[in-house]
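> Okay, so here is model_14.cif, and as you'll see once you scroll down, it has mmCIF, C-alpha atoms and all ligand atoms.
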data_final
loop_
_atom_site.label_atom_id
_atom_site.label_comp_id
_atom_site.auth_asym_id
_atom_site.auth_seq_id
_atom_site.Cartn_x
_atom_site.Cartn_y
_atom_site.Cartn_z
CA MET A 1 31.40 -9.70 -81.65
CA LYS A 2 30.90 -6.42 -83.46
CA THR A 3 27.35 -5.55 -84.42
CA LEU A 4 26.60 -7.29 -87.68
CA GLN A 5 24.38 -5.38 -90.08
CA LEU A 6 22.55 -7.47 -92.67
CA GLY A 7 20.36 -5.16 -94.74
CA ASN A 8 18.01 -3.60 -92.23
CA VAL A 9 18.54 -6.34 -89.62
CA THR A 10 21.15 -5.91 -86.87
CA ILE A 11 22.66 -8.81 -84.94
CA ASP A 12 24.45 -8.55 -81.61
CA ARG A 13 25.57 -11.09 -79.06
CA ILE A 14 25.17 -11.38 -75.30
CA GLN A 15 27.93 -13.59 -73.95
CA GLU A 16 27.02 -15.42 -70.77
CA TRP A 17 30.13 -17.58 -70.29
CA VAL A 18 33.36 -18.53 -72.05
CA GLY A 19 35.91 -21.16 -71.12
CA PRO A 20 37.51 -24.52 -71.82
CA LEU A 21 34.54 -26.82 -72.39
CA PHE A 22 35.22 -29.42 -75.04
CA GLU A 23 37.66 -32.07 -73.82
CA ILE A 24 38.67 -33.66 -77.09
CA ALA A 25 38.92 -37.24 -75.90
CA ASN A 26 35.40 -37.18 -74.46
CA PHE A 27 33.59 -34.58 -76.53
CA PHE A 28 34.70 -35.49 -80.06
CA PRO A 29 34.97 -39.29 -80.01
CA SER A 30 36.46 -39.38 -83.52
CA GLY A 31 38.64 -36.30 -83.00
CA ASP A 32 42.32 -36.05 -82.11
CA TRP A 33 44.64 -33.24 -81.15
CA ASP A 34 47.14 -33.69 -84.01
CA THR A 35 44.36 -33.02 -86.50
CA ILE A 36 43.39 -29.85 -84.63
CA GLU A 37 47.01 -28.69 -84.72
CA SER A 38 47.05 -29.26 -88.48
CA GLN A 39 44.43 -26.48 -88.78
CA ARG A 40 46.16 -24.08 -86.39
CA GLY A 41 47.05 -21.73 -89.25
CA TRP A 42 43.49 -20.42 -89.48
CA LEU A 43 42.14 -21.38 -86.05
CA GLU A 44 44.69 -19.28 -84.11
CA PRO A 45 44.24 -16.95 -82.29
CA HIS A 46 40.45 -16.66 -82.04
CA PHE A 47 39.47 -20.31 -82.05
CA LEU A 48 42.68 -21.88 -80.76
CA PRO A 49 44.92 -20.01 -78.29
CA PRO A 50 48.68 -19.84 -78.83
CA LYS A 51 50.28 -23.06 -77.57
CA ASP A 52 51.72 -21.53 -74.38
CA LEU A 53 48.29 -20.18 -73.32
CA MET A 54 46.27 -23.25 -74.11
CA ARG A 55 44.75 -25.78 -71.76
CA LYS A 56 45.98 -28.84 -73.62
CA GLY A 57 43.28 -31.25 -74.62
CA PHE A 58 40.47 -28.70 -74.32
CA LEU A 59 38.83 -26.38 -76.81
CA ASP A 60 37.19 -23.19 -75.61
CA ALA A 61 33.51 -22.49 -76.10
CA SER A 62 31.33 -19.42 -75.75
CA LEU A 63 27.79 -19.43 -74.45
CA HIS A 64 25.86 -16.61 -76.02
CA THR A 65 22.49 -15.38 -77.19
CA PHE A 66 22.10 -13.67 -80.53
CA VAL A 67 20.03 -10.50 -80.32
CA VAL A 68 18.34 -9.90 -83.67
CA ARG A 69 16.61 -6.60 -84.39
CA THR A 70 14.48 -6.33 -87.51
CA PRO A 71 12.38 -3.27 -88.39
CA HIS A 72 9.44 -5.07 -86.76
CA HIS A 73 10.73 -7.38 -84.02
CA ASN A 74 13.31 -7.93 -81.31
CA ILE A 75 14.31 -11.58 -81.32
CA LEU A 76 16.57 -13.66 -79.06
CA ILE A 77 18.12 -16.83 -80.43
CA ASP A 78 19.15 -19.44 -77.83
CA THR A 79 19.18 -18.45 -74.18
CA CYS A 80 22.27 -20.02 -72.56
CA VAL A 81 22.25 -21.57 -69.07
CA GLY A 82 20.38 -18.97 -67.01
CA ASN A 83 20.62 -17.91 -63.39
CA HIS A 84 19.95 -19.78 -60.15
CA LYS A 85 19.53 -23.19 -61.80
CA GLU A 86 20.88 -26.43 -60.34
CA ARG A 87 23.15 -27.94 -62.96
CA SER A 88 25.57 -30.86 -62.81
CA ILE A 89 27.28 -30.76 -66.24
CA LEU A 90 29.85 -28.15 -65.20
CA PRO A 91 30.52 -26.51 -61.81
CA ASP A 92 30.56 -23.05 -63.46
CA TRP A 93 27.03 -23.58 -64.73
CA ASN A 94 25.56 -24.58 -61.38
CA MET A 95 23.56 -21.79 -59.69
CA MET A 96 24.96 -19.30 -62.17
CA ASP A 97 24.60 -15.63 -61.30
CA SER A 98 25.54 -13.68 -64.42
CA ASP A 99 24.80 -10.12 -65.57
CA TYR A 100 22.98 -11.30 -68.70
CA ILE A 101 19.98 -9.00 -68.22
CA SER A 102 22.30 -6.00 -67.66
CA LYS A 103 24.04 -6.81 -70.91
CA LEU A 104 20.66 -6.82 -72.63
CA ALA A 105 19.89 -3.46 -71.02
CA ASN A 106 23.21 -2.11 -72.33
CA MET A 107 21.83 -2.80 -75.80
CA GLY A 108 18.80 -0.67 -74.97
CA LEU A 109 16.45 -3.61 -74.45
CA ALA A 110 14.37 -4.55 -71.41
CA PRO A 111 12.90 -8.07 -71.05
CA GLY A 112 9.49 -6.63 -72.00
CA ASP A 113 10.89 -5.44 -75.34
CA ILE A 114 11.50 -8.96 -76.64
CA ASP A 115 8.93 -10.18 -79.18
CA PHE A 116 10.28 -13.67 -79.92
CA VAL A 117 12.56 -16.16 -78.21
CA MET A 118 13.73 -18.90 -80.57
CA CYS A 119 15.60 -22.03 -79.51
CA THR A 120 17.57 -24.01 -82.10
CA HIS A 121 17.08 -26.99 -79.80
CA LEU A 122 16.25 -27.63 -76.17
CA HIS A 123 19.56 -28.69 -74.57
CA VAL A 124 20.40 -27.13 -71.21
CA ASP A 125 22.68 -24.38 -72.58
CA HIS A 126 20.08 -23.10 -75.08
CA VAL A 127 17.00 -22.61 -72.91
CA GLY A 128 18.20 -21.27 -69.55
CA TRP A 129 17.10 -17.65 -69.75
CA ASN A 130 13.70 -18.72 -71.02
CA THR A 131 12.71 -18.52 -67.37
CA LYS A 132 13.70 -16.73 -64.18
CA LEU A 133 13.01 -17.42 -60.53
CA GLU A 134 10.23 -15.27 -59.08
CA ASP A 135 8.75 -15.92 -55.64
CA GLY A 136 10.03 -19.48 -55.75
CA ARG A 137 8.53 -20.22 -59.19
CA TRP A 138 10.01 -20.39 -62.67
CA VAL A 139 8.28 -17.84 -64.88
CA PRO A 140 8.99 -16.59 -68.43
CA THR A 141 11.83 -14.03 -68.33
CA PHE A 142 10.46 -12.20 -71.36
CA PRO A 143 6.81 -11.57 -70.47
CA LYS A 144 5.56 -10.39 -73.87
CA ALA A 145 7.56 -12.79 -76.05
CA ARG A 146 6.27 -15.72 -78.00
CA TYR A 147 8.67 -18.61 -77.46
CA VAL A 148 9.24 -20.62 -80.65
CA PHE A 149 10.03 -24.32 -80.14
CA HIS A 150 10.14 -26.84 -82.97
CA LYS A 151 7.39 -29.34 -82.15
CA THR A 152 9.54 -32.35 -83.13
CA GLU A 153 12.17 -31.18 -80.63
CA TYR A 154 9.66 -30.54 -77.86
CA ASP A 155 7.97 -33.90 -78.33
CA HIS A 156 11.30 -35.72 -78.16
CA TRP A 157 12.48 -34.13 -74.92
CA GLN A 158 9.11 -34.39 -73.29
CA GLU A 159 9.71 -38.15 -73.51
CA ASN A 160 13.43 -37.97 -72.65
CA ARG A 161 13.68 -35.20 -70.08
CA GLY A 162 16.13 -37.18 -67.92
CA HIS A 163 18.84 -37.18 -70.64
CA HIS A 164 22.26 -35.81 -69.62
CA GLY A 165 22.02 -33.11 -72.31
CA MET A 166 19.00 -31.65 -70.51
CA ASP A 167 20.38 -31.56 -66.95
CA GLY A 168 16.97 -30.61 -65.54
CA ALA A 169 16.30 -27.87 -68.09
CA PHE A 170 13.07 -29.31 -69.46
CA ASP A 171 11.35 -28.88 -66.11
CA ASP A 172 12.64 -25.44 -65.12
CA SER A 173 13.23 -23.75 -68.50
CA VAL A 174 10.82 -25.26 -71.03
CA LEU A 175 7.74 -26.55 -69.23
CA PRO A 176 7.01 -23.31 -67.32
CA VAL A 177 6.89 -21.45 -70.66
CA ILE A 178 4.35 -23.97 -71.97
CA GLU A 179 2.31 -23.71 -68.78
CA ALA A 180 2.32 -19.91 -68.98
CA GLY A 181 0.84 -20.13 -72.50
CA ARG A 182 3.80 -18.31 -74.06
CA ALA A 183 5.10 -21.13 -76.31
CA ASP A 184 4.33 -21.86 -79.94
CA LEU A 185 5.14 -25.44 -80.96
CA VAL A 186 5.83 -24.96 -84.65
CA ALA A 187 6.54 -27.00 -87.78
CA GLY A 188 9.94 -27.02 -89.45
CA ASP A 189 8.86 -24.50 -92.10
CA PHE A 190 7.87 -21.82 -89.57
CA ALA A 191 8.70 -18.23 -90.50
CA ILE A 192 8.28 -15.03 -88.50
CA ASP A 193 8.31 -13.13 -91.80
CA ASP A 194 10.42 -13.09 -94.95
CA SER A 195 13.54 -12.13 -92.96
CA ILE A 196 13.54 -14.93 -90.32
CA TRP A 197 12.64 -18.58 -90.89
CA LEU A 198 13.51 -22.06 -89.68
CA GLU A 199 15.44 -24.75 -91.51
CA PRO A 200 15.41 -28.22 -89.93
CA SER A 201 18.88 -29.70 -89.35
CA PRO A 202 18.25 -32.88 -87.34
CA GLY A 203 21.18 -34.87 -86.02
CA HIS A 204 22.58 -33.11 -82.98
CA THR A 205 19.04 -33.48 -81.64
CA PRO A 206 16.00 -34.93 -83.44
CA GLY A 207 14.27 -31.56 -83.86
CA HIS A 208 17.30 -29.30 -84.16
CA VAL A 209 16.72 -26.31 -86.45
CA CYS A 210 18.92 -23.67 -88.00
CA ILE A 211 17.45 -20.20 -88.36
CA ASN A 212 17.83 -18.18 -91.54
CA VAL A 213 18.10 -14.41 -91.56
CA ALA A 214 17.98 -12.37 -94.75
CA SER A 215 17.49 -8.73 -95.63
CA GLN A 216 18.14 -6.68 -98.76
CA GLY A 217 20.36 -9.34 -100.32
CA ALA A 218 22.46 -10.00 -97.19
CA SER A 219 22.02 -13.20 -95.22
CA GLY A 220 23.16 -15.41 -92.39
CA LEU A 221 22.41 -18.77 -90.82
CA PHE A 222 22.16 -19.35 -87.08
CA THR A 223 23.45 -22.88 -86.89
CA GLY A 224 22.85 -23.63 -83.20
CA ASP A 225 24.76 -26.76 -82.22
CA SER A 226 25.03 -28.18 -85.71
CA PHE A 227 28.57 -26.94 -85.10
CA HIS A 228 30.21 -26.67 -81.67
CA HIS A 229 33.70 -25.56 -82.66
CA PRO A 230 35.22 -24.21 -85.89
CA ILE A 231 37.35 -27.36 -86.25
CA GLN A 232 34.13 -28.97 -87.51
CA ILE A 233 34.16 -26.58 -90.48
CA ALA A 234 37.23 -28.51 -91.64
CA TYR A 235 36.07 -31.85 -90.23
CA PRO A 236 32.26 -31.98 -90.46
CA GLU A 237 32.46 -35.71 -89.84
CA TRP A 238 33.37 -34.99 -86.19
CA SER A 239 30.14 -35.40 -84.24
CA THR A 240 29.98 -34.93 -80.49
CA ALA A 241 29.19 -37.20 -77.58
CA PHE A 242 26.04 -35.11 -77.12
CA CYS A 243 24.67 -35.73 -80.62
CA SER A 244 21.51 -37.85 -80.74
CA ASP A 245 22.49 -39.30 -84.13
CA ILE A 246 26.18 -38.98 -84.98
CA VAL A 247 25.75 -39.96 -88.64
CA GLN A 248 22.84 -37.61 -89.30
CA SER A 249 24.65 -34.84 -87.42
CA GLY A 250 27.57 -35.13 -89.84
CA VAL A 251 25.23 -35.06 -92.83
CA ALA A 252 23.55 -31.91 -91.47
CA ARG A 253 26.93 -30.19 -91.07
CA GLN A 254 28.04 -31.10 -94.58
CA ASN A 255 24.75 -29.82 -96.03
CA ILE A 256 25.14 -26.50 -94.20
CA LEU A 257 28.75 -26.11 -95.38
CA ASP A 258 27.81 -26.91 -98.98
CA LYS A 259 25.13 -24.23 -98.81
CA LEU A 260 27.35 -21.53 -97.28
CA VAL A 261 30.78 -22.12 -98.79
CA ASP A 262 32.20 -19.27 -100.86
CA THR A 263 29.01 -17.20 -100.53
CA ASP A 264 28.49 -13.89 -98.71
CA ALA A 265 26.25 -15.56 -96.10
CA TYR A 266 27.47 -15.55 -92.50
CA ILE A 267 27.59 -18.57 -90.24
CA LEU A 268 26.42 -17.65 -86.74
CA ALA A 269 27.09 -20.60 -84.46
CA ALA A 270 25.97 -21.00 -80.87
CA HIS A 271 29.43 -21.66 -79.37
CA PHE A 272 32.04 -20.11 -81.66
CA ASN A 273 34.28 -17.78 -79.73
CA ASP A 274 34.63 -14.06 -80.44
CA PRO A 275 34.39 -12.67 -83.12
CA THR A 276 31.82 -15.45 -83.79
CA ALA A 277 30.37 -14.20 -87.09
CA ALA A 278 32.32 -15.57 -90.05
CA ARG A 279 32.05 -16.83 -93.58
CA VAL A 280 32.87 -20.32 -94.86
CA VAL A 281 35.47 -20.54 -97.63
CA SER A 282 37.19 -23.33 -99.50
CA ASN A 283 40.57 -24.49 -98.18
CA GLY A 284 42.03 -27.11 -100.51
CA ASP A 285 39.72 -30.10 -100.30
CA ARG A 286 38.30 -28.86 -96.98
CA TYR A 287 36.73 -25.67 -95.65
CA LYS A 288 37.77 -22.99 -93.18
CA LEU A 289 36.37 -19.79 -91.68
CA LYS A 290 37.16 -16.31 -92.95
CA LEU A 291 36.76 -13.42 -90.52
CA ASP A 292 35.92 -9.82 -91.38
CA ILE A 293 38.49 -8.46 -88.94
ZN ZN A 301 25.08 -26.00 -76.95
#
Can the structure in the file be given as structure tokens, please?


Amino acid sequence: MKTLQLGNVTIDRIQEWVGPLFEIANFFPSGDWDTIESQRGWLEPHFLPPKDLMRKGFLDASLHTFVVRTPHHNILIDTCVGNHKERSILPDWNMMDSDYISKLANMGLAPGDIDFVMCTHLHVDHVGWNTKLEDGRWVPTFPKARYVFHKTEYDHWQENRGHHGMDGAFDDSVLPVIEAGRADLVAGDFAIDDSIWLEPSPGHTPGHVCINVASQGASGLFTGDSFHHPIQIAYPEWSTAFCSDIVQSGVARQNILDKLVDTDAYILAAHFNDPTAARVVSNGDRYKLKLDI
């Protein structure tokens, strides 16, 4: 993703992992491959590889953190899987050893430069770099940051930490931040300032939030896992097997699309492949993404 400039806010992306992740039959219970092919015209090549290069039945996903720099703060949004963590969802994610911190350094930022870490929700692939292993203990990776968790989300997973969407992450990537006194459990109307604020979008998880960014008339919406793949721009009714409430998840997606469609606002989703940042435009009686490139 190219650096996105919105007024005096810049947005970059650290990619931790990319690969075939969403197996249609299992991941989108109401999805089917013929419908995906019907949207190939705008999905290819960025969001759907040419047929001869594709792993049939799978859609690719990116794991990435958005790095948001305002005149006042350095902010990370969603923190991927993290290093050295025992995970069972995917072999690639188990005991990962990525160069995530080097990529941050390449942007001119050290862990101590981060002011806020914000998680759209607390699933395993959104909280991993919240902590790192130090002398056998999980400690906050970003020592000066306030970690912003929606209280509704935290309360839910505190009671359901064994869920398959967590894969152990509550104990090694959320709780140590709480215990270190670095977390702020906030309401759904929390704002850092007038350029960054939350917008509840429950459905994928009970306390899922989108995060608004706005500056000098330009704007974007970090949509977390309200969307997993661009096909859901055309078919917002496709919820995933990981959604807590498949009906509410679809309603949340439709509301987001209705807000963004045919405006200048960018959609910044947690798993959309490069170039990631896009706008939502009308496409007959459905919607599609429009890229700057
Ligand atoms: Zn995710």

> Could you please give me, as a PyMOL selection string, the residues of protein, DNA or RNA lying at most 12 Å from (7.4, -14.0, -64.8) in the coordinate frame of the file, considering only C-alpha atoms?

chain A and resi 111-112+129-145+173+176-177+179-182

> Would you list the residues that come within 12 Å of ligand ZN 301 (chain A)? Count only C-alpha atoms and all ligand atoms and give the answer as a PyMOL selection string.

chain A and resi 17+21-22+61-65+78-81+89+119-128+165-166+204-205+208+223-229+240-243+269-272

> Take CA of Ser30 (chain A) and CA of Asp60 (chain A) and report the distance between them in Å, one decimal.

18.0 Å

> Excluding Pro202 (chain A) and any residue of its chain fewer than 6 positions from it, enumerate the residues within 7 Å of it, using only C-alpha atoms, and give them as a list of chain:residue names.

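The neighbour list is A:His208, A:Val209, A:Gln248, A:Ser249, A:Ala252.
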
> Would you compute the distance between CA of Arg146 (chain A) and CA of Ile75 (chain A)? Give it in Å to one decimal.

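Going from CA of Arg146 (chain A) over to CA of Ile75 (chain A), I get 9.6 Å.
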
> Once you count only C-alpha atoms, which residues end up no further than 8 Å from (21.9, -10.5, -100.1) in the file's frame, shown as a PyMOL selection string?

chain A and resi 7+214-219+264-265

> How far is it from CA of Ser102 (chain A) to CA of Thr10 (chain A), in Å with one decimal?

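Between CA of Ser102 (chain A) and CA of Thr10 (chain A) the gap works out to 19.2 Å.
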
> With only C-alpha atoms as the basis for distance, which of A:Gly162, A:Ile231, A:Val281, A:Leu104 is at the shortest distance from Trp33 (chain A)?

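Using only C-alpha atoms, Trp33 (chain A) sits closest to A:Ile231.
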
> So, with all atoms listed in the file as the atoms that count, which of A:Asp274, A:Asn212, A:His84, A:His73 lies closest to Met1 (chain A)?

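Of all the options, A:Asp274 lies closest to Met1 (chain A).
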
> For Asn94 (chain A), which of A:Val67, A:Leu291, A:Ala169, A:Leu221 is the closest residue, counting all atoms listed in the file?

A:Ala169

> Which is closest to Leu6 (chain A) among A:Arg40, A:Lys51, A:Arg253, A:Arg69, if we use all atoms listed in the file?

A:Arg69

> Tell me which of A:Thr263, A:Asn106, A:Thr152, A:Gln158 sits closest to Val186 (chain A), counting all atoms listed in the file.

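Counting all atoms listed in the file, the residue closest to Val186 (chain A) is A:Thr152.
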
> Which residue, A:His150, A:Lys288, A:Lys56, A:His164, has the smallest gap to Leu198 (chain A) when you use all atoms listed in the file?

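Using all atoms listed in the file, Leu198 (chain A) sits closest to A:His150.
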
> N, CA, C and O atoms are needed for region 111-132 of chain A; please write them out as a compact mmCIF listing (two decimals), in the coordinates of the input.


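The result, stored in part20.txt:
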# COMPACT_ATOMS: atom_id res chain seq x y z
N PRO A 111 13.55 -6.78 -70.75
CA PRO A 111 12.90 -8.07 -71.05
C PRO A 111 11.54 -7.90 -71.74
O PRO A 111 11.20 -8.68 -72.64
N GLY A 112 10.81 -6.85 -71.39
CA GLY A 112 9.49 -6.63 -72.00
C GLY A 112 9.54 -6.18 -73.44
O GLY A 112 8.50 -6.10 -74.12
N ASP A 113 10.75 -5.87 -73.94
CA ASP A 113 10.89 -5.44 -75.34
C ASP A 113 11.05 -6.61 -76.31
O ASP A 113 11.09 -6.40 -77.53
N ILE A 114 11.22 -7.81 -75.77
CA ILE A 114 11.50 -8.96 -76.64
C ILE A 114 10.20 -9.53 -77.19
O ILE A 114 9.28 -9.84 -76.44
N ASP A 115 10.14 -9.68 -78.52
CA ASP A 115 8.93 -10.18 -79.18
C ASP A 115 8.96 -11.69 -79.39
O ASP A 115 7.92 -12.35 -79.34
N PHE A 116 10.15 -12.23 -79.68
CA PHE A 116 10.28 -13.67 -79.92
C PHE A 116 11.54 -14.20 -79.24
O PHE A 116 12.58 -13.54 -79.27
N VAL A 117 11.41 -15.38 -78.66
CA VAL A 117 12.56 -16.16 -78.21
C VAL A 117 12.56 -17.44 -79.03
O VAL A 117 11.54 -18.15 -79.06
N MET A 118 13.67 -17.70 -79.72
CA MET A 118 13.73 -18.90 -80.57
C MET A 118 14.86 -19.79 -80.08
O MET A 118 15.97 -19.31 -79.81
N CYS A 119 14.57 -21.08 -79.95
CA CYS A 119 15.60 -22.03 -79.51
C CYS A 119 15.90 -22.99 -80.65
O CYS A 119 14.99 -23.65 -81.16
N THR A 120 17.19 -23.08 -81.02
CA THR A 120 17.57 -24.01 -82.10
C THR A 120 17.31 -25.45 -81.68
O THR A 120 17.07 -26.31 -82.51
N HIS A 121 17.42 -25.68 -80.38
CA HIS A 121 17.08 -26.99 -79.80
C HIS A 121 16.94 -26.77 -78.30
O HIS A 121 17.09 -25.64 -77.82
N LEU A 122 16.65 -27.84 -77.56
CA LEU A 122 16.25 -27.63 -76.17
C LEU A 122 17.27 -28.15 -75.16
O LEU A 122 16.93 -28.38 -73.99
N HIS A 123 18.53 -28.32 -75.56
CA HIS A 123 19.56 -28.69 -74.57
C HIS A 123 19.72 -27.59 -73.52
O HIS A 123 19.38 -26.42 -73.76
N VAL A 124 20.32 -27.97 -72.41
CA VAL A 124 20.40 -27.13 -71.21
C VAL A 124 21.01 -25.75 -71.45
O VAL A 124 20.60 -24.76 -70.83
N ASP A 125 21.97 -25.65 -72.37
CA ASP A 125 22.68 -24.38 -72.58
C ASP A 125 22.03 -23.53 -73.68
O ASP A 125 22.63 -22.56 -74.15
N HIS A 126 20.79 -23.86 -74.04
CA HIS A 126 20.08 -23.10 -75.08
C HIS A 126 18.72 -22.60 -74.62
O HIS A 126 18.02 -21.94 -75.39
N VAL A 127 18.35 -22.93 -73.39
CA VAL A 127 17.00 -22.61 -72.91
C VAL A 127 16.98 -21.88 -71.57
O VAL A 127 15.91 -21.51 -71.08
N GLY A 128 18.16 -21.69 -70.95
CA GLY A 128 18.20 -21.27 -69.55
C GLY A 128 17.48 -19.97 -69.23
O GLY A 128 16.73 -19.89 -68.25
N TRP A 129 17.73 -18.94 -70.05
CA TRP A 129 17.10 -17.65 -69.75
C TRP A 129 15.65 -17.57 -70.23
O TRP A 129 15.01 -16.52 -70.11
N ASN A 130 15.14 -18.69 -70.73
CA ASN A 130 13.70 -18.72 -71.02
C ASN A 130 12.90 -18.36 -69.78
O ASN A 130 11.83 -17.77 -69.88
N THR A 131 13.44 -18.77 -68.61
CA THR A 131 12.71 -18.52 -67.37
C THR A 131 13.63 -17.89 -66.33
O THR A 131 14.85 -17.96 -66.42
N LYS A 132 12.99 -17.28 -65.33
CA LYS A 132 13.70 -16.73 -64.18
C LYS A 132 12.92 -17.12 -62.92
O LYS A 132 11.71 -17.45 -62.98
